[in-house]
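**Q** This one is run.pdb, PDB, C-alpha atoms, pLDDT in the B column.
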```
ATOM      1  CA  MET A  10     -26.117  17.793  18.127  1.00 90.00           C
ATOM      2  CA  ILE A  11     -22.518  17.087  17.191  1.00 94.00           C
ATOM      3  CA  THR A  12     -20.004  19.918  17.363  1.00 96.00           C
ATOM      4  CA  ASP A  13     -17.184  20.556  14.936  1.00 95.00           C
ATOM      5  CA  LYS A  14     -14.249  18.216  15.427  1.00 97.00           C
ATOM      6  CA  ILE A  15     -11.107  19.935  16.673  1.00 97.00           C
ATOM      7  CA  ILE A  16      -7.600  18.572  16.153  1.00 96.00           C
ATOM      8  CA  VAL A  17      -5.669  19.007  19.391  1.00 95.00           C
ATOM      9  CA  SER A  18      -2.063  18.073  20.080  1.00 91.00           C
ATOM     10  CA  SER A  19      -0.104  16.995  23.123  1.00 87.00           C
ATOM     11  CA  LYS A  20       1.899  20.212  22.679  1.00 88.00           C
ATOM     12  CA  GLY A  21      -1.201  22.250  23.459  1.00 90.00           C
ATOM     13  CA  ASN A  22      -2.294  23.254  19.967  1.00 93.00           C
ATOM     14  CA  GLN A  23      -6.017  24.032  19.718  1.00 95.00           C
ATOM     15  CA  MET A  24      -6.684  23.069  23.340  1.00 95.00           C
ATOM     16  CA  GLU A  25      -8.009  26.518  24.158  1.00 96.00           C
ATOM     17  CA  THR A  26     -10.320  26.218  21.147  1.00 96.00           C
ATOM     18  CA  ALA A  27     -11.598  22.912  22.531  1.00 96.00           C
ATOM     19  CA  LEU A  28     -12.322  24.504  25.907  1.00 96.00           C
ATOM     20  CA  LYS A  29     -14.115  27.411  24.262  1.00 97.00           C
ATOM     21  CA  GLN A  30     -16.166  24.887  22.327  1.00 97.00           C
ATOM     22  CA  ALA A  31     -17.374  23.439  25.631  1.00 97.00           C
ATOM     23  CA  GLU A  32     -18.391  26.946  26.715  1.00 97.00           C
ATOM     24  CA  LYS A  33     -20.212  27.538  23.422  1.00 97.00           C
ATOM     25  CA  VAL A  34     -22.129  24.282  23.822  1.00 97.00           C
ATOM     26  CA  ALA A  35     -23.159  25.289  27.342  1.00 97.00           C
ATOM     27  CA  ALA A  36     -24.363  28.686  26.099  1.00 96.00           C
ATOM     28  CA  TYR A  37     -26.161  27.289  23.045  1.00 96.00           C
ATOM     29  CA  LYS A  38     -27.909  24.616  25.101  1.00 96.00           C
ATOM     30  CA  GLU A  39     -28.690  27.155  27.853  1.00 96.00           C
ATOM     31  CA  LEU A  40     -27.168  25.003  30.583  1.00 96.00           C
ATOM     32  CA  ASP A  41     -27.333  26.276  34.121  1.00 96.00           C
ATOM     33  CA  ALA A  42     -24.165  27.687  35.688  1.00 96.00           C
ATOM     34  CA  ARG A  43     -23.237  24.478  37.520  1.00 96.00           C
ATOM     35  CA  SER A  44     -23.701  22.319  34.426  1.00 97.00           C
ATOM     36  CA  ALA A  45     -21.712  24.752  32.277  1.00 97.00           C
ATOM     37  CA  LEU A  46     -18.864  24.618  34.796  1.00 97.00           C
ATOM     38  CA  GLN A  47     -18.946  20.806  34.882  1.00 97.00           C
ATOM     39  CA  LEU A  48     -18.802  20.570  31.086  1.00 97.00           C
ATOM     40  CA  ARG A  49     -15.825  22.926  30.981  1.00 97.00           C
ATOM     41  CA  LEU A  50     -14.118  21.043  33.833  1.00 96.00           C
ATOM     42  CA  LEU A  51     -14.444  17.682  32.085  1.00 96.00           C
ATOM     43  CA  ALA A  52     -13.057  19.189  28.881  1.00 96.00           C
ATOM     44  CA  GLU A  53     -10.127  20.574  30.889  1.00 95.00           C
ATOM     45  CA  GLU A  54      -9.415  17.166  32.387  1.00 92.00           C
ATOM     46  CA  MET A  55      -9.468  15.592  28.943  1.00 92.00           C
ATOM     47  CA  MET A  56      -7.098  18.241  27.571  1.00 93.00           C
ATOM     48  CA  GLY A  57      -4.853  17.844  30.615  1.00 89.00           C
ATOM     49  CA  MET A  58      -4.533  14.131  29.925  1.00 86.00           C
ATOM     50  CA  MET A  59      -3.772  14.885  26.288  1.00 85.00           C
ATOM     51  CA  ARG A  60      -1.107  17.404  27.271  1.00 85.00           C
ATOM     52  CA  SER A  61       0.580  14.871  29.563  1.00 81.00           C
ATOM     53  CA  ILE A  62       1.192  12.445  26.688  1.00 76.00           C
ATOM     54  CA  THR A  63       4.873  12.503  25.843  1.00 67.00           C
ATOM     55  CA  GLY A  64       6.023  13.143  22.305  1.00 71.00           C
ATOM     56  CA  GLU A  65       4.018  14.772  19.537  1.00 78.00           C
ATOM     57  CA  THR A  66       0.556  13.246  19.430  1.00 84.00           C
ATOM     58  CA  ARG A  67      -2.593  14.555  17.810  1.00 89.00           C
ATOM     59  CA  GLY A  68      -6.153  13.748  18.750  1.00 91.00           C
ATOM     60  CA  THR A  69      -9.658  14.686  17.677  1.00 96.00           C
ATOM     61  CA  PHE A  70     -12.019  16.281  20.201  1.00 97.00           C
ATOM     62  CA  TRP A  71     -15.744  16.916  19.921  1.00 98.00           C
ATOM     63  CA  ILE A  72     -18.934  17.013  21.982  1.00 98.00           C
ATOM     64  CA  GLU A  73     -22.263  15.309  21.317  1.00 97.00           C
ATOM     65  CA  ASP A  74     -25.542  15.435  23.186  1.00 95.00           C
ATOM     66  CA  ASP A  75     -28.442  13.029  23.371  1.00 91.00           C
ATOM     67  CA  GLY A  76     -31.235  14.639  25.309  1.00 91.00           C
ATOM     68  CA  ASP A  77     -29.730  15.840  28.560  1.00 94.00           C
ATOM     69  CA  THR A  78     -26.717  13.509  28.370  1.00 96.00           C
ATOM     70  CA  TYR A  79     -23.542  15.004  26.943  1.00 97.00           C
ATOM     71  CA  GLN A  80     -20.596  13.070  25.552  1.00 97.00           C
ATOM     72  CA  LEU A  81     -17.060  14.442  25.334  1.00 97.00           C
ATOM     73  CA  HIS A  82     -15.013  12.485  22.794  1.00 97.00           C
ATOM     74  CA  LEU A  83     -11.256  12.240  22.334  1.00 94.00           C
ATOM     75  CA  GLN A  84      -9.840   9.967  19.619  1.00 92.00           C
ATOM     76  CA  VAL A  85      -6.112   9.302  19.221  1.00 88.00           C
ATOM     77  CA  ASP A  86      -4.413   7.047  16.690  1.00 80.00           C
ATOM     78  CA  THR A  87      -2.159   4.570  18.492  1.00 69.00           C
ATOM     79  CA  ARG A  88       0.740   2.360  17.501  1.00 65.00           C
ATOM     80  CA  MET A  89      -0.971  -0.658  18.948  1.00 56.00           C
ATOM     81  CA  ASN A  90      -0.460  -4.014  17.254  1.00 56.00           C
ATOM     82  CA  SER A  91      -1.367  -7.565  18.254  1.00 58.00           C
ATOM     83  CA  GLU A  92       1.978  -8.172  19.986  1.00 58.00           C
ATOM     84  CA  LYS A  93       1.691  -5.013  22.033  1.00 53.00           C
ATOM     85  CA  ARG A  94      -1.898  -5.847  22.916  1.00 54.00           C
ATOM     86  CA  ASP A  95      -0.693  -9.202  24.241  1.00 57.00           C
ATOM     87  CA  GLN A  96       1.906  -7.395  26.336  1.00 54.00           C
ATOM     88  CA  LEU A  97      -0.740  -4.998  27.606  1.00 49.00           C
ATOM     89  CA  ILE A  98      -2.915  -7.873  28.759  1.00 49.00           C
ATOM     90  CA  ALA A  99       0.088  -9.639  30.309  1.00 53.00           C
ATOM     91  CA  ALA A 100       0.921  -6.498  32.263  1.00 48.00           C
ATOM     92  CA  SER A 101      -2.643  -6.353  33.511  1.00 44.00           C
ATOM     93  CA  THR A 102      -2.269  -9.729  35.198  1.00 43.00           C
ATOM     94  CA  THR A 103       1.361  -9.582  36.351  1.00 43.00           C
ATOM     95  CA  GLY A 104       1.221  -6.108  37.845  1.00 41.00           C
ATOM     96  CA  LYS A 105       4.383  -4.900  36.117  1.00 42.00           C
ATOM     97  CA  ASN A 106       4.925  -1.158  35.835  1.00 40.00           C
ATOM     98  CA  GLU A 107       3.022   0.813  38.413  1.00 40.00           C
ATOM     99  CA  SER A 108       4.354   4.199  37.367  1.00 45.00           C
ATOM    100  CA  ALA A 109       1.048   5.733  36.299  1.00 54.00           C
ATOM    101  CA  LYS A 110      -0.892   7.220  39.193  1.00 60.00           C
ATOM    102  CA  GLY A 111      -4.466   8.373  39.393  1.00 68.00           C
ATOM    103  CA  LEU A 112      -7.346   7.663  37.071  1.00 75.00           C
ATOM    104  CA  MET A 113      -6.347  10.061  34.296  1.00 77.00           C
ATOM    105  CA  GLY A 114      -2.687   9.044  34.553  1.00 74.00           C
ATOM    106  CA  ARG A 115      -3.596   5.445  33.937  1.00 71.00           C
ATOM    107  CA  LEU A 116      -5.953   6.280  31.111  1.00 77.00           C
ATOM    108  CA  ARG A 117      -3.214   8.422  29.593  1.00 76.00           C
ATOM    109  CA  ASP A 118      -1.024   5.332  29.256  1.00 72.00           C
ATOM    110  CA  ILE A 119      -3.441   3.868  26.743  1.00 71.00           C
ATOM    111  CA  PHE A 120      -3.072   6.905  24.534  1.00 74.00           C
ATOM    112  CA  ASP A 121       0.674   7.419  24.984  1.00 69.00           C
ATOM    113  CA  ARG A 122       2.505   6.547  21.774  1.00 45.00           C
ATOM    114  CA  SER A 123       6.007   7.406  22.959  1.00 36.00           C
ATOM    115  CA  GLY A 124       8.807   5.348  24.426  1.00 37.00           C
ATOM    116  CA  ASP A 125       9.990   1.862  23.509  1.00 37.00           C
ATOM    117  CA  GLU A 126       8.033   0.634  20.515  1.00 39.00           C
ATOM    118  CA  ASP A 127       8.373  -2.955  21.721  1.00 35.00           C
ATOM    119  CA  VAL A 128       7.035  -2.439  25.227  1.00 34.00           C
ATOM    120  CA  VAL A 129       3.540  -1.567  26.327  1.00 37.00           C
ATOM    121  CA  THR A 130       3.729   0.089  29.720  1.00 35.00           C
ATOM    122  CA  TYR A 131       0.771  -0.148  31.986  1.00 38.00           C
ATOM    123  CA  SER A 132      -0.028   0.232  35.610  1.00 40.00           C
ATOM    124  CA  ASN A 133      -1.777  -1.580  38.407  1.00 46.00           C
ATOM    125  CA  PRO A 134      -3.284  -4.945  37.435  1.00 44.00           C
ATOM    126  CA  LEU A 135      -6.521  -3.893  39.099  1.00 47.00           C
ATOM    127  CA  PHE A 136      -6.892  -1.191  36.503  1.00 55.00           C
ATOM    128  CA  LEU A 137      -7.416  -3.739  33.770  1.00 50.00           C
ATOM    129  CA  SER A 138      -8.161  -7.048  35.422  1.00 44.00           C
ATOM    130  CA  GLY A 139     -11.837  -7.830  35.319  1.00 39.00           C
ATOM    131  CA  SER A 140     -12.626  -4.465  33.771  1.00 41.00           C
ATOM    132  CA  LEU A 141     -12.397  -5.207  30.075  1.00 43.00           C
ATOM    133  CA  ASP A 142     -14.730  -6.605  27.505  1.00 43.00           C
ATOM    134  CA  TYR A 143     -12.564  -8.721  25.225  1.00 41.00           C
ATOM    135  CA  SER A 144     -13.602  -9.637  21.727  1.00 42.00           C
ATOM    136  CA  SER A 145     -12.595 -12.939  20.167  1.00 39.00           C
ATOM    137  CA  THR A 146     -11.162 -11.280  17.082  1.00 44.00           C
ATOM    138  CA  PRO A 147      -7.434 -11.419  16.297  1.00 40.00           C
ATOM    139  CA  MET A 148      -7.227  -7.624  16.623  1.00 44.00           C
ATOM    140  CA  LEU A 149      -8.469  -7.985  20.202  1.00 48.00           C
ATOM    141  CA  ASP A 150     -10.444  -4.776  20.462  1.00 67.00           C
ATOM    142  CA  TRP A 151     -11.401  -3.968  24.017  1.00 71.00           C
ATOM    143  CA  GLU A 152     -13.180  -1.497  26.232  1.00 78.00           C
ATOM    144  CA  TRP A 153     -12.682  -0.244  29.784  1.00 81.00           C
ATOM    145  CA  THR A 154     -15.389   1.529  31.759  1.00 87.00           C
ATOM    146  CA  MET A 155     -15.122   3.497  34.971  1.00 89.00           C
ATOM    147  CA  SER A 156     -18.235   1.861  36.421  1.00 90.00           C
ATOM    148  CA  LYS A 157     -16.836  -1.654  35.961  1.00 86.00           C
ATOM    149  CA  TYR A 158     -13.513  -0.543  37.422  1.00 85.00           C
ATOM    150  CA  GLU A 159     -15.297   0.891  40.449  1.00 88.00           C
ATOM    151  CA  THR A 160     -17.254  -2.320  40.935  1.00 88.00           C
ATOM    152  CA  GLU A 161     -14.061  -4.374  40.623  1.00 84.00           C
ATOM    153  CA  LEU A 162     -12.296  -2.288  43.258  1.00 85.00           C
ATOM    154  CA  ALA A 163     -15.276  -2.356  45.621  1.00 88.00           C
ATOM    155  CA  SER A 164     -15.249  -6.152  45.553  1.00 88.00           C
ATOM    156  CA  ARG A 165     -11.573  -6.242  46.568  1.00 86.00           C
ATOM    157  CA  ILE A 166     -10.908  -3.376  48.966  1.00 87.00           C
ATOM    158  CA  LYS A 167     -11.636  -5.426  52.088  1.00 86.00           C
ATOM    159  CA  ASP A 168      -8.738  -7.836  51.584  1.00 85.00           C
ATOM    160  CA  ASP A 169      -6.464  -6.167  49.028  1.00 85.00           C
ATOM    161  CA  GLU A 170      -4.134  -3.289  49.912  1.00 86.00           C
ATOM    162  CA  GLU A 171      -3.564  -2.411  46.249  1.00 82.00           C
ATOM    163  CA  ALA A 172      -7.305  -2.200  45.714  1.00 82.00           C
ATOM    164  CA  ARG A 173      -7.616   0.164  48.695  1.00 86.00           C
ATOM    165  CA  LYS A 174      -4.902   2.413  47.270  1.00 85.00           C
ATOM    166  CA  ALA A 175      -6.548   2.382  43.858  1.00 83.00           C
ATOM    167  CA  TRP A 176      -9.901   3.208  45.458  1.00 87.00           C
ATOM    168  CA  ASP A 177      -8.380   6.189  47.234  1.00 87.00           C
ATOM    169  CA  GLU A 178      -6.920   7.404  43.938  1.00 85.00           C
ATOM    170  CA  LEU A 179     -10.269   6.966  42.236  1.00 87.00           C
ATOM    171  CA  GLU A 180     -12.123   8.952  44.886  1.00 88.00           C
ATOM    172  CA  LYS A 181      -9.655  11.840  44.483  1.00 88.00           C
ATOM    173  CA  SER A 182     -10.191  11.979  40.734  1.00 88.00           C
ATOM    174  CA  VAL A 183     -11.999  15.031  39.405  1.00 90.00           C
ATOM    175  CA  VAL A 184     -13.400  12.985  36.544  1.00 91.00           C
ATOM    176  CA  HIS A 185     -14.745  10.322  38.899  1.00 90.00           C
ATOM    177  CA  SER A 186     -16.459  12.942  41.054  1.00 93.00           C
ATOM    178  CA  VAL A 187     -18.037  14.800  38.117  1.00 95.00           C
ATOM    179  CA  ALA A 188     -18.610  12.332  35.250  1.00 95.00           C
ATOM    180  CA  ASP A 189     -21.436   9.814  35.160  1.00 96.00           C
ATOM    181  CA  GLU A 190     -19.389   7.332  33.142  1.00 93.00           C
ATOM    182  CA  VAL A 191     -16.098   7.071  31.278  1.00 91.00           C
ATOM    183  CA  ARG A 192     -15.434   4.597  28.473  1.00 89.00           C
ATOM    184  CA  VAL A 193     -12.048   3.955  26.915  1.00 85.00           C
ATOM    185  CA  SER A 194     -11.650   1.622  23.982  1.00 82.00           C
ATOM    186  CA  ILE A 195      -9.103   0.520  21.430  1.00 78.00           C
ATOM    187  CA  LYS A 196     -10.370  -0.545  18.034  1.00 79.00           C
ATOM    188  CA  GLY A 197      -7.698  -1.295  15.490  1.00 73.00           C
ATOM    189  CA  GLN A 198      -5.182   1.540  15.646  1.00 75.00           C
ATOM    190  CA  ARG A 199      -7.503   4.009  17.367  1.00 81.00           C
ATOM    191  CA  ALA A 200      -7.975   4.704  21.066  1.00 83.00           C
ATOM    192  CA  GLU A 201     -11.041   6.641  22.121  1.00 88.00           C
ATOM    193  CA  MET A 202     -12.195   8.119  25.405  1.00 90.00           C
ATOM    194  CA  ILE A 203     -15.805   9.155  25.927  1.00 93.00           C
ATOM    195  CA  ILE A 204     -16.905  10.977  29.069  1.00 95.00           C
ATOM    196  CA  TYR A 205     -20.648  10.951  29.764  1.00 96.00           C
ATOM    197  CA  LYS A 206     -22.417  13.552  31.896  1.00 97.00           C
ATOM    198  CA  LYS A 207     -26.094  14.381  32.390  1.00 97.00           C
ATOM    199  CA  LEU A 208     -26.510  18.156  32.549  1.00 97.00           C
ATOM    200  CA  THR A 209     -29.432  20.447  33.264  1.00 93.00           C
ATOM    201  CA  ASN A 210     -30.738  23.594  31.626  1.00 93.00           C
ATOM    202  CA  ALA A 211     -31.042  26.954  33.327  1.00 78.00           C
TER     203      ALA A 211
END
```
What would you get if you wrote out this structure as structure tokens?

**A**
Amino acid sequence: MITDKIIVSSKGNQMETALKQAEKVAAYKELDARSALQLRLLAEEMMGMMRSITGETRGTFWIEDDGDTYQLHLQVDTRMNSEKRDQLIAASTTGKNESAKGLMGRLRDIFDRSGDEDVVTYSNPLFLSGSLDYSSTPMLDWEWTMSKYETELASRIKDDEEARKAWDELEKSVVHSVADEVRVSIKGQRAEMIIYKKLTNA
């Protein structure tokens, strides 16, 4: 099943419709009360990230299911180009700009189209370093996953204070505690987040 695609904006337009869609999916699929709440909660977190993007940005939200695994999708067109991708990767290794806090705050930075067009702002180097699958294409499409990020942090927390702080932030994240996996990718001019969660029927 794939639901209708809803155009949401960082100003809040259609966000309530997106949340109601999550409730309709839960009812249609006869999910138990806990699973229905988790689906709604993950949709809320996704909409909260969208709302925190500065400037006027529109994204497309929908839900898919494959058996008992549900996928919440959010696609946003970015202003990413090859130069800005290079700057993004440079920031991931130099540690410049640590303004974004928390898992969703850092993911939000990928989707944020506002600010200086010539500067890609990003956060802690641990957030990207070792957590991306780079292609060899000039467009340099890439993907980040929560599971790889968690593994990366776990390998560093013993000797790295920044890794310990990032681990604490991760453990406090609602998405980390509820979702089974999160994938964020940029392909061409499009950023996409997919949250995966296995849910059970009543």

**Q** Please enumerate the residues selected by the PyMOL selection byres ((chain A and resi 14-19) around 8) when evaluated against the supplied file, formatted as a list of chain:residue names.

**A** A:Thr12, A:Asp13, A:Lys20, A:Gly21, A:Asn22, A:Gln23, A:Met24, A:Thr26, A:Ala27, A:Met59, A:Arg60, A:Ser61, A:Ile62, A:Thr63, A:Gly64, A:Glu65, A:Thr66, A:Arg67, A:Gly68, A:Thr69, A:Phe70, A:Trp71

**Q** Which is closest to Ala52 in chain A among A:Tyr79, A:Tyr158, A:Trp153, A:Phe120, if we use all atoms listed in the file?

**A**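 For Ala52 in chain A, the nearest of the given residues is A:Tyr79.
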
**Q** Between CA of Asp118 in chain A and CA of Ser44 in chain A, what is the spacing in Å?

**A**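 Pair CA of Ser44 in chain A / CA of Asp118 in chain A returns 28.8 Å.
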
**Q** Kindly give the distance, in Å, that separates CA of Thr78 in chain A and CA of Lys181 in chain A, rounded to a single decimal.

**A**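 CA of Lys181 in chain A lies 23.5 Å from CA of Thr78 in chain A.
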
**Q** Identify which of the residues A:Ala175, A:Ala211, A:Ala31, A:Met10 lies closest to Glu161 in chain A, counting all atoms listed in the file when measuring atom-to-atom distances.

**A**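 Under the stated criterion, the closest residue is A:Ala175.
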
**Q** Mind giving me the straight-line distance from CA of Leu83 in chain A to CA of Ala200 in chain A in Å, one decimal?

**A**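 Going from CA of Leu83 in chain A over to CA of Ala200 in chain A covers 8.3 Å.
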
**Q** Excluding range 184-191 of chain A and any residue of its chain fewer than 4 positions from it, enumerate the residues within 6 Å of it, using all atoms listed in the file, and give them as a list of chain:residue names.

**A**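 Neighbouring residues, sequence-local ones excluded: A:Thr154, A:Met155, A:Ile203, A:Ile204, A:Tyr205, A:Lys206.
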
**Q** Could you check the closest approach to Asp77 in chain A for each of A:Val34, A:Ser156, A:Glu170, A:Asn210 and tell me which residue wins, using all atoms listed in the file?

**A**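 Comparing A:Val34, A:Ser156, A:Glu170, A:Asn210 against Asp77 in chain A, the winner is A:Asn210.
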
**Q** To test your reading of the syntax: which residues would the PyMOL selection byres ((chain A and resi 178) around 12) return for the file shown? Reply as a PyMOL selection string.

**A** chain A and resi 109-115+133+136+159+162+171-177+179-186

**Q** Go ahead and write the residues just picked, C-alpha atoms, as a PDB file, in the coordinates of the input.

**A**
```pdb
ATOM      1  CA  ALA A 109       1.048   5.733  36.299  1.00 54.00           C
ATOM      2  CA  LYS A 110      -0.892   7.220  39.193  1.00 60.00           C
ATOM      3  CA  GLY A 111      -4.466   8.373  39.393  1.00 68.00           C
ATOM      4  CA  LEU A 112      -7.346   7.663  37.071  1.00 75.00           C
ATOM      5  CA  MET A 113      -6.347  10.061  34.296  1.00 77.00           C
ATOM      6  CA  GLY A 114      -2.687   9.044  34.553  1.00 74.00           C
ATOM      7  CA  ARG A 115      -3.596   5.445  33.937  1.00 71.00           C
ATOM      8  CA  ASN A 133      -1.777  -1.580  38.407  1.00 46.00           C
ATOM      9  CA  PHE A 136      -6.892  -1.191  36.503  1.00 55.00           C
ATOM     10  CA  GLU A 159     -15.297   0.891  40.449  1.00 88.00           C
ATOM     11  CA  LEU A 162     -12.296  -2.288  43.258  1.00 85.00           C
ATOM     12  CA  GLU A 171      -3.564  -2.411  46.249  1.00 82.00           C
ATOM     13  CA  ALA A 172      -7.305  -2.200  45.714  1.00 82.00           C
ATOM     14  CA  ARG A 173      -7.616   0.164  48.695  1.00 86.00           C
ATOM     15  CA  LYS A 174      -4.902   2.413  47.270  1.00 85.00           C
ATOM     16  CA  ALA A 175      -6.548   2.382  43.858  1.00 83.00           C
ATOM     17  CA  TRP A 176      -9.901   3.208  45.458  1.00 87.00           C
ATOM     18  CA  ASP A 177      -8.380   6.189  47.234  1.00 87.00           C
ATOM     19  CA  LEU A 179     -10.269   6.966  42.236  1.00 87.00           C
ATOM     20  CA  GLU A 180     -12.123   8.952  44.886  1.00 88.00           C
ATOM     21  CA  LYS A 181      -9.655  11.840  44.483  1.00 88.00           C
ATOM     22  CA  SER A 182     -10.191  11.979  40.734  1.00 88.00           C
ATOM     23  CA  VAL A 183     -11.999  15.031  39.405  1.00 90.00           C
ATOM     24  CA  VAL A 184     -13.400  12.985  36.544  1.00 91.00           C
ATOM     25  CA  HIS A 185     -14.745  10.322  38.899  1.00 90.00           C
ATOM     26  CA  SER A 186     -16.459  12.942  41.054  1.00 93.00           C
TER      27      SER A 186
END
```

**Q** Please, which residues are within 8 Å of (-8.8, 7.2, 21.6) by the file's coordinates, counting only C-alpha atoms, and could they come as a list in words?

**A**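 Residues with an atom close enough to that point: Gly68, Leu83, Gln84, Val85, Asp86, Thr87, Phe120, Val193, Ser194, Ile195, Arg199, Ala200, Glu201 and Met202 of chain A.
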
**Q** When you look at Glu53 in chain A with a cut-off of 9 Å (counting only C-alpha atoms), what residues show up, excluding the ones that are within fewer than 3 positions of it in the same chain? I need them as a list in words.

**A**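 Using only C-alpha atoms, the neighbours found are Met24, Ala27, Leu28, Leu48, Arg49, Leu50, Met56, Gly57 and Met58 of chain A.
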